[in-house]
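Step one of this worksheet: look at the structure below.
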Amino acid sequence: MTNGARTRGHAPPYVSYKSWDTFLAFVRSNLTPAPEQLDTSVWQGSPFSGSTRSGLVGALLFLGLIDVLGKVSPDLNVIAEAAETTEDKRRVLPDIYNERYAPLLVHVDLERATRQQIRTAFQSAGSAGETAEKAVSFFLSFARDAGIELHHSLFSRGPGTRPRQTKSSKRKTSDAQSEKIDAIPKRTAMPENPRPPVETASNHANGVHPAVTGLLQELPQNGNSWSTEQMNLFMDALFATLRVAYPPSDGPGGRL
């Protein structure tokens, strides 16, 4: 269905699956047929905040539904339409699972696996910190929609995996999330955790992190040109990659 080469350099999706379902509904209502590319003008008409938009872009990149310049695959509309019924999901999503997730989980028996095994596989594929657990949650919902057989324990986080919140803090968190969803996004963000390519002696020879080297391979070839919008999308992706490859000293939220 999609071009498997486009998975290169992108970590498994970590956006909430509810936001993903909302995005597919937005595609059905507003983006049919899909535009040639998802640029700032398209995202400004969506109901998503900047952070949620960043997670959605990461999911689209990993699933091969856009490329690093934002060019849209026709498969986006196919998946959005299939999301309306369980039958259509189980007709369309297994192919995407086999192409996108199966190579990362080749050594994991999902019918007997634990969350930790899947999280470890995703960390090896580029997921970092708390996004690895979020990526597991997205995957489990995706796999269930696709009809993939999973061990029942995968849907239980177990004690100590999430900090306990008081009713007051839960209410504040819920209110903050509602405000983010209602906010109009101001710019296109690219995924925070692109998956680095396999590290070898050659791609470290010049001292440049392989994730950066892999992304630079997406630059237009000699004689080709790109639009200002495409350049901006690439710069967002490069910045996100640099934050992972060379974390700022003031933590994940810092800027270079």
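Lettering and numbering for the structure tokens are positional, with chains as A, B, ... in the shown order, residues counted from 1 in each chain, and ligands counted from 1 in the shown order.
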
Would you kindly return, as an NGL selection string, each protein, DNA or RNA residue with an atom no farther than 10 Å from any atom of A:Thr131, considering only C-alpha atoms and excluding same-chain residues fewer than 3 positions away? :A and (11-15 or 119 or 122-123 or 126-128 or 134-137 or 192-193)

Put those residues in a file: N, CA, C and O atoms, as a compact mmCIF listing (two decimals), in the first residue's frame.
# COMPACT_ATOMS: atom_id res chain seq x y z
N ALA A 11 10.52 7.48 14.41
CA ALA A 11 10.18 6.61 15.54
C ALA A 11 8.70 6.27 15.51
O ALA A 11 7.89 6.97 14.88
N PRO A 12 8.29 5.19 16.21
CA PRO A 12 6.86 4.83 16.27
C PRO A 12 6.02 5.97 16.84
O PRO A 12 6.48 6.74 17.69
N PRO A 13 4.78 6.11 16.38
CA PRO A 13 3.91 7.21 16.82
C PRO A 13 3.68 7.20 18.32
O PRO A 13 3.54 6.14 18.93
N TYR A 14 3.61 8.39 18.91
CA TYR A 14 3.38 8.51 20.35
C TYR A 14 2.19 9.41 20.67
O TYR A 14 1.87 9.62 21.83
N VAL A 15 1.53 9.96 19.65
CA VAL A 15 0.35 10.79 19.90
C VAL A 15 -0.76 9.91 20.48
O VAL A 15 -0.75 8.69 20.30
N ARG A 119 8.12 -1.98 24.52
CA ARG A 119 8.76 -0.69 24.79
C ARG A 119 10.25 -0.75 24.45
O ARG A 119 10.80 0.20 23.86
N PHE A 122 10.71 -0.55 20.75
CA PHE A 122 10.48 0.81 20.26
C PHE A 122 11.63 1.75 20.64
O PHE A 122 11.97 2.65 19.87
N GLN A 123 12.21 1.53 21.81
CA GLN A 123 13.37 2.35 22.19
C GLN A 123 14.53 2.09 21.25
O GLN A 123 15.26 3.02 20.89
N GLY A 126 14.11 4.17 18.19
CA GLY A 126 14.20 5.62 18.27
C GLY A 126 13.31 6.29 19.28
O GLY A 126 13.44 7.50 19.51
N SER A 127 12.37 5.57 19.89
CA SER A 127 11.53 6.18 20.92
C SER A 127 12.38 6.44 22.17
O SER A 127 13.19 5.61 22.54
N ALA A 128 12.16 7.58 22.80
CA ALA A 128 13.00 7.94 23.95
C ALA A 128 12.14 8.41 25.11
O ALA A 128 11.08 9.01 24.91
N LYS A 134 4.18 6.00 25.54
CA LYS A 134 3.07 6.51 24.74
C LYS A 134 3.01 5.80 23.38
O LYS A 134 1.93 5.54 22.86
N ALA A 135 4.18 5.49 22.83
CA ALA A 135 4.23 4.77 21.55
C ALA A 135 3.65 3.37 21.69
O ALA A 135 2.99 2.86 20.78
N VAL A 136 3.89 2.73 22.84
CA VAL A 136 3.31 1.41 23.09
C VAL A 136 1.79 1.51 23.13
O VAL A 136 1.08 0.69 22.54
N SER A 137 1.26 2.52 23.80
CA SER A 137 -0.19 2.69 23.90
C SER A 137 -0.81 2.91 22.53
O SER A 137 -1.86 2.33 22.21
N GLU A 192 9.17 14.88 17.47
CA GLU A 192 10.27 15.17 18.36
C GLU A 192 11.29 14.04 18.41
O GLU A 192 12.42 14.25 18.83
N ASN A 193 10.90 12.83 17.99
CA ASN A 193 11.79 11.69 18.17
C ASN A 193 11.96 10.88 16.90
O ASN A 193 11.53 9.74 16.80

Could you build a table of the residues in stretch 27-109 of chain A lying no more than 9 Å from stretch 225-230 of chain A, giving for each the nearest pair of atoms and their separation in Å rounded to one decimal place, using only C-alpha atoms, ordered by chain and ascending residue number, as JSON lines?
{"residue": "A:Asp39", "atom": "CA", "partner": "A:Glu229", "partner_atom": "CA", "distance": 6.9}
{"residue": "A:Thr40", "atom": "CA", "partner": "A:Glu229", "partner_atom": "CA", "distance": 8.0}
{"residue": "A:Val68", "atom": "CA", "partner": "A:Gln230", "partner_atom": "CA", "distance": 8.5}
{"residue": "A:Leu69", "atom": "CA", "partner": "A:Gln230", "partner_atom": "CA", "distance": 5.0}
{"residue": "A:Gly70", "atom": "CA", "partner": "A:Gln230", "partner_atom": "CA", "distance": 7.0}
{"residue": "A:Lys71", "atom": "CA", "partner": "A:Gln230", "partner_atom": "CA", "distance": 8.8}

Kindly save the residues from that selection, with C-alpha atoms included, as a tab-separated table (two decimals), in the first residue's frame.
chain	number	residue	atom	x	y	z
A	39	ASP	CA	1.41	22.45	5.05
A	40	THR	CA	0.77	25.28	7.49
A	68	VAL	CA	9.53	14.57	5.19
A	69	LEU	CA	8.46	17.47	2.94
A	70	GLY	CA	4.79	16.99	3.79
A	71	LYS	CA	3.75	15.38	0.49

Contacts of A:Phe26 within 9 Å, only C-alpha atoms, excl. fewer than 3 positions in-chain, as a ChimeraX atom specification: /A:21-23,29-31,46-47,80

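The coordinates place atom CA of A:Asp88 at 18.6 Å from atom CA of A:Arg100.
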
Distance atom CA of A:Leu110-atom CA of A:Gly55, one decimal place? 24.7 Å

Find the residues around stretch 140-143 of chain A up to 9 Å (only C-alpha atoms counted), leave out those fewer than 2 positions away in its own chain, and share them as a tab-separated table (two decimals) with C-alpha atoms, in the first residue's frame.
chain	number	residue	atom	x	y	z
A	17	TYR	CA	-4.92	7.30	19.72
A	93	LEU	CA	-4.75	-1.85	8.73
A	94	PRO	CA	-3.08	-5.32	8.72
A	97	TYR	CA	1.01	-3.19	10.45
A	135	ALA	CA	4.23	4.77	21.55
A	136	VAL	CA	3.31	1.41	23.09
A	137	SER	CA	-0.19	2.69	23.90
A	138	PHE	CA	-0.69	3.96	20.34
A	145	ASP	CA	-8.11	-2.11	15.39
A	146	ALA	CA	-6.17	-4.18	12.87
A	147	GLY	CA	-7.30	-7.42	14.51
A	148	ILE	CA	-3.79	-8.44	15.60
A	149	GLU	CA	-3.77	-11.09	18.36
A	150	LEU	CA	-2.36	-9.59	21.56
A	154	LEU	CA	-0.60	-5.77	27.38
A	155	PHE	CA	-3.59	-3.61	28.25

Record the distance separating atom CA of A:Arg115 and atom CA of A:Glu130, expressed in Å with one decimal.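 Between atom CA of A:Arg115 and atom CA of A:Glu130 the gap works out to 13.4 Å.
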
Identify all residues of stretch 21-186 of chain A in strand (DSSP E or B) (DSSP on the backbone) and supply them as a PyMOL selection string. chain A and resi 37+66+71-72

Using all heavy atoms, can you write the selected residues to a file as an mmCIF file, in the first residue's frame?
data_model
loop_
_atom_site.group_PDB
_atom_site.id
_atom_site.type_symbol
_atom_site.label_atom_id
_atom_site.label_comp_id
_atom_site.auth_asym_id
_atom_site.auth_seq_id
_atom_site.Cartn_x
_atom_site.Cartn_y
_atom_site.Cartn_z
ATOM 1 N N GLN A 37 -0.093 18.339 -0.253
ATOM 2 C CA GLN A 37 0.789 18.268 0.903
ATOM 3 C C GLN A 37 0.092 18.875 2.112
ATOM 4 O O GLN A 37 -0.824 19.683 1.988
ATOM 5 C CB GLN A 37 2.114 18.982 0.639
ATOM 6 C CG GLN A 37 2.001 20.481 0.456
ATOM 7 C CD GLN A 37 3.364 21.114 0.194
ATOM 8 O OE1 GLN A 37 4.193 20.555 -0.525
ATOM 9 N NE2 GLN A 37 3.607 22.272 0.781
ATOM 10 N N ILE A 66 2.753 10.647 4.810
ATOM 11 C CA ILE A 66 3.381 11.835 4.251
ATOM 12 C C ILE A 66 4.876 11.570 4.218
ATOM 13 O O ILE A 66 5.371 10.675 4.903
ATOM 14 C CB ILE A 66 3.103 13.121 5.071
ATOM 15 C CG1 ILE A 66 3.667 13.006 6.493
ATOM 16 C CG2 ILE A 66 1.624 13.462 5.094
ATOM 17 C CD1 ILE A 66 3.606 14.300 7.289
ATOM 18 N N LYS A 71 4.526 15.890 1.624
ATOM 19 C CA LYS A 71 3.749 15.384 0.489
ATOM 20 C C LYS A 71 2.861 14.231 0.946
ATOM 21 O O LYS A 71 3.305 13.306 1.622
ATOM 22 C CB LYS A 71 4.670 14.919 -0.632
ATOM 23 C CG LYS A 71 3.926 14.501 -1.888
ATOM 24 C CD LYS A 71 4.884 14.151 -3.019
ATOM 25 C CE LYS A 71 4.123 13.743 -4.268
ATOM 26 N NZ LYS A 71 5.045 13.382 -5.381
ATOM 27 N N VAL A 72 1.584 14.274 0.561
ATOM 28 C CA VAL A 72 0.583 13.331 1.071
ATOM 29 C C VAL A 72 0.447 12.121 0.163
ATOM 30 O O VAL A 72 0.389 12.244 -1.063
ATOM 31 C CB VAL A 72 -0.784 14.034 1.202
ATOM 32 C CG1 VAL A 72 -1.848 13.052 1.683
ATOM 33 C CG2 VAL A 72 -0.677 15.216 2.164
#
